[in-house]
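Working notes, structure below.
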Amino acid sequence: QVQVAESGGGLVQAGGSLRLSCTTSGHTFSGPTMAWFRQAPGTEREFVAAIRGSSPYYADSVKGRFTISRDNAKNTVSLQMNSLKPEDTATYYCATVGSSGDYDYWGQGTQVTVSS
């Protein structure tokens, strides 16, 4: 069974930085695609960033401010978030794919709050 666990959320002032981490276990293959999504109250969950192999992908809203990276030896993916804005406030979820290529496995989420 694949397990996903996030850490690193918190409260930060606008313009500040936070780093989220996600650790997975139980994959039957190495280097699975991993991604971050977020959901603010009253909104739908939205894509933030993903890393497929060594290639990163970003939502336009975070491009240039967020950086996704991975450490395959540790089965971790990180999201460095700089120049945070109040609109980045949300619960951030880490997800990883199953054998079908869909995001089948999700963490519990970690709260990020950016104060103005």
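A note on labels: chains of the structure tokens are A, B, ... as shown, every chain counts residues from 1, and ligands are counted from 1 in their shown order.
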Residue contacts of segment 54-63 of chain A (12 Å, only C-alpha atoms) excluding same-chain residues fewer than 3 positions away, as a VMD selection string: chain A and resid 31 to 38 46 to 51 66 to 72 77 to 85 87 to 88
Residue nearest Gln39 of chain A - candidates A:Val12, A:Tyr105, A:Arg19, A:Thr89, atoms counted: only C-alpha atoms: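 The shortest atom-to-atom distance to Gln39 of chain A comes from A:Thr89.
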If DSSP is run on the backbone, what residues of chain A are strand (DSSP E or B)? A reply as an MDAnalysis selection string would be ideal. chainID A and resid 3:7 10:13 18:25 34:39 46:52 55:58 66:71 76:81 90:97 103:106 110:115
My list of candidates is A:Asn75, A:Gln13, A:Ser100, A:Thr43. Which is closest to Ser115 of chain A when distances are computed with only C-alpha atoms?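 Distance minimum relative to Ser115 of chain A lands on A:Gln13.
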For each of A:Gly26, A:Gly9, A:Gly98, A:Gly42, take the minimum atom-to-atom distance to Val114 of chain A, counting only C-alpha atoms, then give the residue where this is smallest. A:Gly9
Counting only C-alpha atoms, which residue out of A:Ala14, A:Val2, A:Ser30, A:Ser7 sits closest to Ala73 of chain A?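 Nearest candidate to Ala73 of chain A out of A:Ala14, A:Val2, A:Ser30, A:Ser7: A:Ser30.
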Residues near Thr91 of chain A, cut-off 7 Å, only C-alpha atoms, skip fewer than 2 positions along chain, as a list in words: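 With the cut-off at 7 Å, the set is Arg38, Gln39, Ala40, Tyr93, Gly109, Thr110, Gln111 and Val112 of chain A.
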